[in-house]
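Shown below: entry-v3.cif, with mmCIF, C-alpha atoms.
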data_target
#
loop_
_atom_site.label_atom_id
_atom_site.label_comp_id
_atom_site.auth_asym_id
_atom_site.auth_seq_id
_atom_site.Cartn_x
_atom_site.Cartn_y
_atom_site.Cartn_z
CA MET L 8 76.74 82.29 114.55
CA SER L 9 76.03 81.88 118.26
CA PRO L 10 73.66 84.41 119.87
CA ILE L 11 75.92 84.54 122.96
CA TRP L 12 77.58 87.85 123.86
CA HIS L 13 80.77 86.75 125.65
CA PRO L 14 82.49 88.75 128.43
CA PHE L 15 85.72 90.63 127.67
CA THR L 16 85.39 89.59 124.03
CA GLN L 17 85.50 91.86 120.99
CA HIS L 18 83.25 89.92 118.64
CA GLY L 19 84.20 92.20 115.77
CA LEU L 20 87.61 90.55 115.61
CA GLY L 21 86.11 87.17 114.76
CA GLU L 22 88.40 85.24 117.11
CA PRO L 23 87.54 81.54 117.56
CA ILE L 24 85.59 80.50 120.66
CA PRO L 25 86.15 76.76 121.30
CA LEU L 26 83.29 74.62 122.58
CA VAL L 27 84.23 72.82 125.81
CA THR L 28 82.34 69.64 126.63
CA ARG L 29 83.89 68.46 129.91
CA ALA L 30 86.71 69.05 132.39
CA GLU L 31 88.78 66.98 134.78
CA GLY L 32 91.68 67.85 137.06
CA SER L 33 93.89 70.44 135.41
CA ALA L 34 92.42 70.12 131.93
CA ILE L 35 89.39 71.00 129.85
CA PHE L 36 88.29 68.99 126.81
CA THR L 37 86.85 70.48 123.61
CA ALA L 38 84.22 69.21 121.21
CA ASP L 39 86.88 68.54 118.57
CA GLY L 40 88.76 66.16 120.89
CA ARG L 41 91.50 68.38 122.28
CA ARG L 42 92.82 68.25 125.84
CA VAL L 43 93.68 71.80 126.93
CA ILE L 44 95.70 72.51 130.09
CA ASP L 45 93.92 75.08 132.24
CA ALA L 46 96.87 77.24 133.27
CA ILE L 47 94.74 80.00 134.85
CA SER L 48 92.23 77.92 136.82
CA SER L 49 89.43 79.12 134.53
CA TRP L 50 89.78 82.74 135.66
CA TRP L 51 91.32 81.98 139.05
CA VAL L 52 88.42 79.95 140.47
CA THR L 53 89.36 76.25 140.24
CA THR L 54 91.53 75.29 143.19
CA HIS L 55 91.58 71.52 143.70
CA GLY L 56 90.92 70.74 140.03
CA HIS L 57 87.90 70.54 137.78
CA CYS L 58 85.07 68.23 138.86
CA HIS L 59 86.61 67.24 142.18
CA PRO L 60 84.65 64.08 143.12
CA ARG L 61 83.83 65.15 146.67
CA ILE L 62 82.47 68.53 145.60
CA MET L 63 80.54 67.04 142.67
CA GLN L 64 78.93 64.48 144.99
CA ALA L 65 77.91 67.18 147.46
CA ILE L 66 76.25 69.12 144.65
CA ALA L 67 74.38 66.05 143.43
CA ASP L 68 73.21 65.09 146.92
CA GLN L 69 72.02 68.60 147.79
CA ALA L 70 70.18 68.97 144.47
CA GLN L 71 67.93 66.10 145.55
CA ARG L 72 66.97 67.76 148.84
CA LEU L 73 66.70 71.55 148.51
CA ASP L 74 67.55 73.51 145.39
CA GLN L 75 66.69 77.09 146.35
CA LEU L 76 65.22 79.04 149.27
CA ILE L 77 64.51 82.66 149.98
CA PHE L 78 67.17 83.68 152.54
CA ALA L 79 65.39 86.73 153.96
CA GLY L 80 63.86 85.41 157.17
CA TRP L 81 64.59 81.74 156.35
CA THR L 82 67.67 79.55 156.61
CA HIS L 83 68.94 76.08 155.71
CA GLU L 84 71.59 73.69 156.96
CA PRO L 85 74.17 74.07 154.15
CA ALA L 86 74.36 77.82 154.85
CA GLU L 87 74.45 77.30 158.62
CA ALA L 88 77.20 74.69 158.32
CA LEU L 89 79.23 76.81 155.91
CA ALA L 90 78.98 79.88 158.12
CA ARG L 91 80.17 77.86 161.13
CA ASP L 92 83.07 76.44 159.12
CA LEU L 93 84.12 79.88 157.83
CA VAL L 94 84.03 81.46 161.28
CA ALA L 95 86.13 78.55 162.55
CA ILE L 96 88.96 79.09 160.03
CA THR L 97 89.07 82.90 160.05
CA PRO L 98 90.11 85.24 162.89
CA PRO L 99 87.61 85.32 165.78
CA GLU L 100 87.02 89.03 165.19
CA LEU L 101 85.20 88.14 161.94
CA ALA L 102 82.12 86.78 163.63
CA HIS L 103 79.41 87.37 161.03
CA VAL L 104 78.92 85.96 157.51
CA PHE L 105 76.86 87.66 154.80
CA PHE L 106 76.22 85.66 151.61
CA SER L 107 76.17 86.96 148.05
CA ASP L 108 76.80 85.68 144.54
CA SER L 109 80.20 86.76 143.24
CA GLY L 110 83.41 88.55 144.13
CA SER L 111 82.06 91.81 142.79
CA THR L 112 78.90 91.60 144.89
CA SER L 113 80.91 90.67 147.99
CA VAL L 114 82.77 93.96 147.50
CA GLU L 115 79.50 95.86 147.03
CA VAL L 116 78.30 94.36 150.30
CA ALA L 117 81.47 95.40 152.12
CA LEU L 118 81.26 98.98 150.82
CA LYS L 119 77.60 99.26 151.82
CA MET L 120 78.31 97.79 155.25
CA ALA L 121 81.13 100.28 155.78
CA LEU L 122 79.00 103.29 154.83
CA GLY L 123 76.06 101.94 156.83
CA TYR L 124 78.31 101.56 159.85
CA TRP L 125 79.21 105.26 159.85
CA ALA L 126 75.68 106.40 158.99
CA ASN L 127 74.14 104.40 161.84
CA ARG L 128 76.73 105.82 164.24
CA GLY L 129 75.78 109.33 163.16
CA GLU L 130 79.30 110.13 161.92
CA PRO L 131 79.71 111.83 158.52
CA ARG L 132 82.34 109.59 156.95
CA HIS L 133 81.83 108.80 153.27
CA ARG L 134 85.25 108.75 151.61
CA ILE L 135 86.52 105.39 150.34
CA LEU L 136 90.27 104.96 149.88
CA VAL L 137 91.67 102.60 147.25
CA LEU L 138 95.07 101.36 146.14
CA GLU L 139 96.35 102.44 142.72
CA HIS L 140 95.94 99.79 139.99
CA GLY L 141 93.37 97.87 142.06
CA TYR L 142 90.52 95.87 140.58
CA HIS L 143 87.49 94.69 142.53
CA GLY L 144 84.85 93.73 139.96
CA ASP L 145 82.54 95.12 137.32
CA THR L 146 79.45 96.23 139.22
CA ILE L 147 79.11 99.97 139.85
CA GLY L 148 80.53 100.18 143.36
CA ALA L 149 83.29 97.68 142.57
CA MET L 150 84.25 99.65 139.45
CA SER L 151 84.26 102.86 141.47
CA VAL L 152 86.90 101.49 143.86
CA GLY L 153 88.97 100.00 141.02
CA ALA L 154 91.50 101.66 138.75
CA ARG L 155 90.00 104.03 136.20
CA GLY L 156 90.82 103.17 132.61
CA VAL L 157 89.75 101.01 129.71
CA PHE L 158 87.71 98.70 131.98
CA ASN L 159 85.30 101.44 133.00
CA ARG L 160 85.92 104.61 130.97
CA GLN L 161 82.54 104.43 129.24
CA TYR L 162 80.74 104.22 132.58
CA ALA L 163 82.48 107.13 134.31
CA PRO L 164 79.21 109.08 134.91
CA LEU L 165 78.02 106.24 137.14
CA LEU L 166 81.11 106.02 139.34
CA PHE L 167 81.68 107.76 142.67
CA ASP L 168 84.88 109.58 143.62
CA VAL L 169 87.50 107.84 145.74
CA GLY L 170 90.85 108.69 147.27
CA THR L 171 93.66 106.84 145.47
CA ILE L 172 96.77 105.75 147.36
CA PRO L 173 99.91 105.17 145.22
CA PHE L 174 100.95 101.55 144.78
CA PRO L 175 103.94 100.60 146.99
CA GLU L 176 106.47 100.16 144.21
CA PRO L 177 109.83 98.75 145.33
CA GLY L 178 111.75 101.58 146.96
CA ALA L 179 108.63 103.77 147.18
CA GLU L 180 106.78 101.92 149.93
CA GLN L 181 107.01 104.82 152.37
CA ALA L 182 105.39 107.22 149.90
CA CYS L 183 102.42 104.84 149.75
CA LEU L 184 102.18 104.61 153.54
CA ASP L 185 102.55 108.36 154.02
CA ALA L 186 99.76 109.01 151.51
CA LEU L 187 97.52 106.50 153.28
CA ASP L 188 98.23 108.10 156.65
CA ALA L 189 97.39 111.56 155.32
CA ALA L 190 94.16 110.36 153.70
CA CYS L 191 93.11 108.54 156.87
CA ARG L 192 93.70 111.69 158.93
CA ASP L 193 91.08 113.43 156.79
CA GLY L 194 88.43 111.06 158.18
CA ALA L 195 87.99 108.40 155.51
CA ALA L 196 85.29 105.75 155.93
CA ALA L 197 87.23 102.74 154.67
CA PHE L 198 90.26 101.52 152.74
CA ILE L 199 89.89 98.57 150.37
CA VAL L 200 92.87 96.56 149.18
CA GLU L 201 93.80 93.31 147.47
CA PRO L 202 96.27 91.77 149.96
CA LEU L 203 99.78 91.08 148.61
CA VAL L 204 98.78 90.76 144.93
CA LEU L 205 96.86 93.10 142.65
CA GLY L 206 95.34 90.67 140.17
CA ALA L 207 93.80 92.26 137.09
CA GLY L 208 95.97 95.32 137.65
CA GLY L 209 98.94 93.33 136.33
CA MET L 210 99.74 90.73 139.00
CA ARG L 211 101.59 93.36 141.02
CA PHE L 212 103.14 91.99 144.23
CA TYR L 213 103.98 93.93 147.37
CA PRO L 214 105.43 92.83 150.74
CA ALA L 215 103.47 91.52 153.71
CA ALA L 216 105.17 94.15 155.90
CA VAL L 217 103.54 96.90 153.82
CA LEU L 218 100.13 95.26 154.16
CA ALA L 219 100.62 95.07 157.94
CA GLU L 220 101.55 98.75 158.09
CA MET L 221 98.52 99.69 155.99
CA ARG L 222 96.33 97.92 158.50
CA ARG L 223 98.06 99.63 161.44
CA ILE L 224 97.56 103.08 159.90
CA CYS L 225 93.86 102.46 159.27
CA ALA L 226 93.33 101.17 162.80
CA ALA L 227 95.14 104.18 164.27
CA HIS L 228 92.66 106.52 162.57
CA GLY L 229 89.54 104.38 162.98
CA VAL L 230 89.28 103.77 159.22
CA LEU L 231 87.63 100.48 158.32
CA PHE L 232 89.92 98.01 156.54
CA ILE L 233 88.40 95.91 153.74
CA ALA L 234 90.45 92.96 152.46
CA ASP L 235 89.37 91.80 149.01
CA GLU L 236 90.62 88.20 148.99
CA VAL L 237 88.40 87.11 146.13
CA MET L 238 91.48 86.12 144.11
CA THR L 239 94.18 85.92 146.79
CA GLY L 240 92.18 83.67 149.11
CA TRP L 241 92.05 79.88 149.23
CA GLY L 242 95.77 79.27 148.93
CA ARG L 243 96.77 81.28 145.88
CA THR L 244 99.53 83.20 147.70
CA GLY L 245 100.77 80.14 149.61
CA THR L 246 98.59 80.46 152.71
CA ARG L 247 94.84 79.94 152.91
CA PHE L 248 94.35 83.72 153.06
CA ALA L 249 96.95 86.32 152.08
CA CYS L 250 96.24 88.38 155.20
CA GLU L 251 97.72 85.56 157.30
CA GLN L 252 101.20 86.36 155.97
CA ALA L 253 100.98 89.88 157.40
CA GLY L 254 99.18 88.98 160.63
CA VAL L 255 96.35 91.23 159.47
CA VAL L 256 92.73 90.96 160.61
CA PRO L 257 90.47 93.15 158.46
CA ASP L 258 87.17 94.64 159.53
CA LEU L 259 85.58 93.18 156.41
CA LEU L 260 86.81 90.19 154.39
CA CYS L 261 85.53 89.44 150.86
CA LEU L 262 85.74 85.84 149.62
CA SER L 263 84.54 84.10 146.46
CA LYS L 264 86.13 82.19 143.52
CA GLY L 265 87.76 79.28 145.39
CA LEU L 266 85.05 79.30 148.06
CA THR L 267 83.29 76.42 146.28
CA GLY L 268 86.52 75.05 144.85
CA GLY L 269 85.52 76.96 141.72
CA SER L 270 82.51 74.78 141.00
CA LEU L 271 79.59 77.18 141.54
CA PRO L 272 79.16 80.95 142.02
CA LEU L 273 79.05 81.94 145.69
CA ALA L 274 80.56 84.71 147.79
CA VAL L 275 80.68 85.86 151.39
CA THR L 276 81.57 89.03 153.21
CA LEU L 277 82.77 88.37 156.75
CA ALA L 278 82.25 91.27 159.14
CA SER L 279 83.47 92.15 162.60
CA GLU L 280 81.16 92.52 165.59
CA PRO L 281 81.11 96.36 165.49
CA LEU L 282 79.93 96.30 161.86
CA PHE L 283 77.09 93.93 162.74
CA GLU L 284 76.10 95.78 165.89
CA ALA L 285 75.93 99.10 164.04
CA HIS L 286 73.11 97.62 161.96
CA ARG L 287 71.35 95.64 164.71
CA SER L 288 68.46 97.58 166.22
CA ASP L 289 64.75 97.50 166.97
CA ASP L 290 64.46 100.13 164.25
CA ARG L 291 63.80 98.38 160.93
CA ALA L 292 65.15 101.40 159.04
CA ARG L 293 68.64 100.56 160.36
CA MET L 294 68.77 97.02 158.93
CA PHE L 295 71.28 96.15 156.23
CA PHE L 296 69.44 96.63 152.95
CA HIS L 297 71.07 94.19 150.55
CA SER L 298 70.17 90.86 149.01
CA SER L 299 69.75 88.96 145.76
CA SER L 300 67.39 86.19 144.75
CA TYR L 301 70.09 83.53 145.03
CA THR L 302 71.68 84.62 148.30
CA ALA L 303 73.13 81.51 150.02
CA ASN L 304 71.83 79.12 147.39
CA PRO L 305 71.73 75.70 149.12
CA ILE L 306 73.49 73.81 146.32
CA ALA L 307 76.33 76.35 146.16
CA CYS L 308 76.63 76.29 149.96
CA ALA L 309 76.84 72.49 149.89
CA ALA L 310 79.67 72.74 147.35
CA ALA L 311 81.48 75.20 149.61
CA CYS L 312 81.05 72.90 152.62
CA ALA L 313 82.60 70.09 150.60
CA ASN L 314 85.46 72.40 149.61
CA LEU L 315 86.20 73.14 153.26
CA ALA L 316 86.11 69.40 153.98
CA VAL L 317 88.72 68.91 151.26
CA TRP L 318 90.88 71.53 152.97
CA ARG L 319 90.49 69.71 156.30
CA GLU L 320 90.96 66.15 155.13
CA GLU L 321 93.22 66.23 152.07
CA PRO L 322 96.87 67.42 151.90
CA VAL L 323 95.96 70.73 150.24
CA GLY L 324 98.78 72.59 151.97
CA GLU L 325 101.33 70.12 150.62
CA ARG L 326 99.95 70.45 147.10
CA ILE L 327 100.17 74.23 147.32
CA ALA L 328 103.74 74.12 148.64
CA THR L 329 104.78 71.71 145.87
CA LEU L 330 103.18 73.84 143.17
CA ALA L 331 104.73 77.00 144.63
CA GLU L 332 108.19 75.42 144.50
CA ARG L 333 107.69 74.28 140.92
CA GLN L 334 106.35 77.66 139.82
CA ALA L 335 109.35 79.46 141.33
CA ARG L 336 111.74 77.06 139.64
CA HIS L 337 110.14 77.40 136.21
CA VAL L 338 109.99 81.20 136.42
CA ALA L 339 113.63 81.39 137.49
CA ALA L 340 114.60 79.40 134.40
CA LEU L 341 112.85 81.76 131.98
CA GLY L 342 114.89 84.14 129.89
CA GLY L 343 113.83 87.12 127.82
CA VAL L 344 111.12 88.35 130.21
CA GLY L 345 110.80 91.35 132.45
CA ASN L 346 110.26 91.32 136.21
CA PRO L 347 109.87 87.55 136.68
CA ARG L 348 108.11 86.93 140.01
CA ALA L 349 106.33 84.22 141.94
CA LEU L 350 104.27 84.16 145.13
CA GLY L 351 102.65 80.95 146.29
CA THR L 352 100.98 79.34 143.29
CA ILE L 353 101.05 82.55 141.20
CA ALA L 354 103.81 83.29 138.69
CA ALA L 355 103.99 86.36 136.45
CA PHE L 356 106.31 88.32 134.20
CA GLU L 357 106.22 90.90 131.40
CA LEU L 358 106.95 90.40 127.72
CA GLU L 359 108.42 93.13 125.56
CA ASP L 360 105.76 95.03 123.64
CA ALA L 361 105.49 98.38 121.92
CA ARG L 362 102.07 98.97 123.44
CA PRO L 363 102.10 97.83 127.07
CA GLY L 364 98.89 97.68 129.10
CA TYR L 365 95.62 95.80 128.87
CA LEU L 366 95.02 96.67 125.19
CA SER L 367 98.46 95.50 124.18
CA ASP L 368 98.43 94.16 120.61
CA LEU L 369 100.51 91.30 121.95
CA ALA L 370 97.74 89.85 124.12
CA PRO L 371 95.40 88.49 121.41
CA ARG L 372 98.35 87.09 119.47
CA LEU L 373 99.58 85.27 122.56
CA LEU L 374 96.09 84.02 123.33
CA ALA L 375 95.89 82.44 119.87
CA PHE L 376 99.46 81.11 120.10
CA PHE L 377 98.78 79.25 123.35
CA ARG L 378 95.36 78.05 122.21
CA GLU L 379 97.00 76.39 119.20
CA ARG L 380 99.29 74.56 121.65
CA ASP L 381 96.42 73.37 123.84
CA VAL L 382 97.27 75.65 126.75
CA LEU L 383 94.73 78.03 128.27
CA LEU L 384 96.60 81.21 129.16
CA ARG L 385 94.99 84.65 129.08
CA PRO L 386 97.54 87.50 129.24
CA LEU L 387 96.79 90.77 131.00
CA GLY L 388 98.07 92.92 128.17
CA ASN L 389 101.78 92.15 127.98
CA THR L 390 101.75 90.62 131.47
CA LEU L 391 101.69 86.85 131.31
CA TYR L 392 100.81 84.83 134.41
CA VAL L 393 100.39 81.18 135.35
CA MET L 394 97.90 80.24 138.08
CA PRO L 395 96.89 76.59 137.65
CA PRO L 396 94.80 74.29 139.87
CA TYR L 397 96.75 72.80 142.78
CA CYS L 398 96.41 69.27 141.39
CA ILE L 399 98.45 70.01 138.26
CA ASP L 400 101.34 67.59 137.74
CA GLU L 401 104.87 68.41 136.65
CA ALA L 402 104.28 67.15 133.11
CA ASP L 403 101.42 69.61 132.50
CA LEU L 404 103.31 72.43 134.18
CA ALA L 405 106.36 71.72 132.03
CA THR L 406 104.14 71.80 128.94
CA ILE L 407 102.85 75.24 129.95
CA TYR L 408 106.34 76.66 130.38
CA ALA L 409 107.58 75.00 127.19
CA ALA L 410 104.83 76.85 125.32
CA ILE L 411 105.81 80.07 127.06
CA GLY L 412 109.46 79.50 126.15
CA GLU L 413 108.47 78.92 122.54
CA ALA L 414 106.44 82.15 122.54
CA ILE L 415 109.42 84.07 123.87
CA GLU L 416 111.63 82.62 121.12
CA VAL L 417 109.12 83.66 118.45
CA LEU L 418 108.87 87.18 119.87
CA THR L 419 112.63 87.48 120.07
CA ALA L 420 113.05 86.30 116.48
CA HIS L 421 110.60 88.92 115.25
#
Now, as a test, write the supplied structure out as C-alpha cells.
Amino acid sequence: MSPIWHPFTQHGLGEPIPLVTRAEGSAIFTADGRRVIDAISSWWVTTHGHCHPRIMQAIADQAQRLDQLIFAGWTHEPAEALARDLVAITPPELAHVFFSDSGSTSVEVALKMALGYWANRGEPRHRILVLEHGYHGDTIGAMSVGARGVFNRQYAPLLFDVGTIPFPEPGAEQACLDALDAACRDGAAAFIVEPLVLGAGGMRFYPAAVLAEMRRICAAHGVLFIADEVMTGWGRTGTRFACEQAGVVPDLLCLSKGLTGGSLPLAVTLASEPLFEAHRSDDRARMFFHSSSYTANPIACAAACANLAVWREEPVGERIATLAERQARHVAALGGVGNPRALGTIAAFELEDARPGYLSDLAPRLLAFFRERDVLLRPLGNTLYVMPPYCIDEADLATIYAAIGEAIEVLTAH
C-alpha cells in the first residue's frame, strides 16, 4: 500500500489509483500500457497539451542556469521577462505583478492586498463580498470566500464571515445585481468573483452583461473588484481572459493553472496602481507582508515565458475556436442530460441522480466507468464536464462523447 495521502480521495473506499508514467498531447499513459484521454486537462491546467516541446525545452534550459532564488530583495530575468509579458497582454490599469505558487495563494494575495489597501488609507472597510456557489481554493482565506459546505464544513471555526450575493440564475439576474448594490452601499472592501463560469461550484455559467454590471456597481461604490481567473483564464471561455468578453478591468486579477501551460505550479496576482501605491511608503510597516519560499521560481517563470511565446507564435486562438465549435456540436447532440451548455472550450451538463451535489453517489460510479474506457473525466457530483487541452483532435473528442453517451444509456437502462 502506498504511503501517499491523495487529495479529494476517500482512501477507505479502496478505489484504484492508476500509476501514470508519461504524457503527451491530450493523453496520459499508465504503467500497464493504457493510453487515457485527458478530458479535463488534468484538473484544468494543461492548455496546449502535455509536454509541449517549447515549454519542456525552456524548463530544461533554465534548470541549467538558475534553479531557485530568494525573491525578497532579489530578482532574475525569467521573472522580469514574464512580468513584462503579462503587463503587455492585460489592461494597462493592471501595472503590477505579484508572484505566488497556486491559484489559492493568488487569491490569498488579492484578499490581503485589498484589506491592506483600505488599512493603509485609514478607512475601516473589512467586509468581503462573494458570489453564491463560488470556489477559490482550499487555503483559509480562499475557503472563507468560497461556498460553505462539504468542502470546508470541518474547518468552519477558521473561516471569516463574508457577504454572499445570490448567483444570477436565468431570470433572476436583477436580484443578484440588486443584492450586490445593497451590499456595496454598506461599505464593503472588495467583491471576488469567477468571471462567466463558476468552476467547482458546478460549472455554472452566467452572461457577460451581468459581469459588466457587477463591475459597474462595485466601481460606483468604490468597492475593489477581484477577478479570479485561475480556471477561466488562458482561453478556457473562448478568449484569453473571461473578463475580455464583458469589457471588464478588475482592480486585482488572479491567474494560475494555464499560466505555465499547466507544466509547473506558478501564480500571479496583477494589481492596479492604486493598490500598489497604498502599500508603497518610506514606512516599512506599510509594506505588503506576503511571500513563500518559492515565489517566482525561475524554472516555473521560464515555463510561463515559453507559454506566452506559444500564445504569440502559434495559432492558439484558432485551436480554441475549433475546439469550442466541436464542444458545442457534441453537447447539442447529447440526449438524456439536463441543462446542456457550452462556453468556449468548456462543456457541461447534469445527469439524473437521486442525490445531487458533490457527494452524489453517481460520481464515483461514473469515475470508474470512464476509467475503464480509458477516459479521464472527474464529475462534480452529478455534473459532468469536458474541458480538454486545446490540441485534442476530433477522434479523441469523439471517443470522450461516445463514452459519455454509453454512460447515459446505462443510467437510463437502470
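The coordinates place atom CA of Thr276 of chain L at 8.3 Å from atom CA of His103 of chain L.
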- Item | Residue members of the PyMOL selection byres ((chain L and resi 234) around 8) in the file shown, as a PyMOL selection string | chain L and resi 199-202+232-233+235-236+250+257-261
- Test item: residues at most 8 Å from segment 294-297 of chain L, all atoms listed in the file, excluding those fewer than 3 positions along its chain, as a PyMOL selection string: chain L and resi 116+120+123+286-288+290-291
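Considering the residues L:Asn389, L:Ser113, L:Ser300, L:Thr171 and counting only C-alpha atoms, Leu358 of chain L has its shortest atom-to-atom contact with L:Asn389.
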- Mind checking which residues fall within 10 Å of Asp193 of chain L, counting all atoms listed in the file, ignoring those fewer than 6 positions away in the same chain, and posting them as a list in words? Arg132, Arg134 and His228 of chain L
- Message: Evaluated on this file, the PyMOL selection byres ((chain L and resi 334-351) around 10) picks out some residues - which ones are they, written as number ranges by chain?
- Response: L: 203-204, 210-212, 239, 242-246, 249, 327-333, 352-359, 390-395, 401, 404-405, 407-409, 411-412, 415-416, 418-419
- Nearby residues (only C-alpha atoms) at most 10 Å from segment 182-188 of chain L, same-chain spacing under 6 positions excluded, as a PyMOL selection string: chain L and resi 136-139+170-176+195+198+217-218+220-221+223-225+227-228
Edge lengths and centre in Å, axis-aligned, segment 315-326 of chain L plus 3 Å each side, as JSON:
{"center_x": 93.7, "center_y": 69.6, "center_z": 151.7, "size_x": 21.2, "size_y": 13.0, "size_z": 15.2}
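The smallest atom-to-atom distance between Ile47 of chain L and any of L:Leu101, L:Ala216, L:Ile35, L:Val27, using only C-alpha atoms, is found for L:Ile35.
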- Task: Would you mind listing what lies within 10 Å of Ala316 of chain L as a PyMOL selection string, with only C-alpha atoms counted and same-chain residues fewer than 4 positions away left out?
- Result: chain L and resi 61-62+92+310-312+320-321
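When the distance limit is 6 Å and all atoms listed in the file are what count, the residues near Gly269 of chain L, minus those fewer than 5 positions from it on the same chain, are Val52, Thr53 and Lys264 of chain L.
Pairwise distance (atom CA of Tyr213 of chain L, atom CA of Trp51 of chain L) equals 19.3 Å.
With distances restricted to only C-alpha atoms, L:Gly229 is the closest residue to Ala121 of chain L from L:Pro272, L:Gly324, L:Gly240, L:Gly229.
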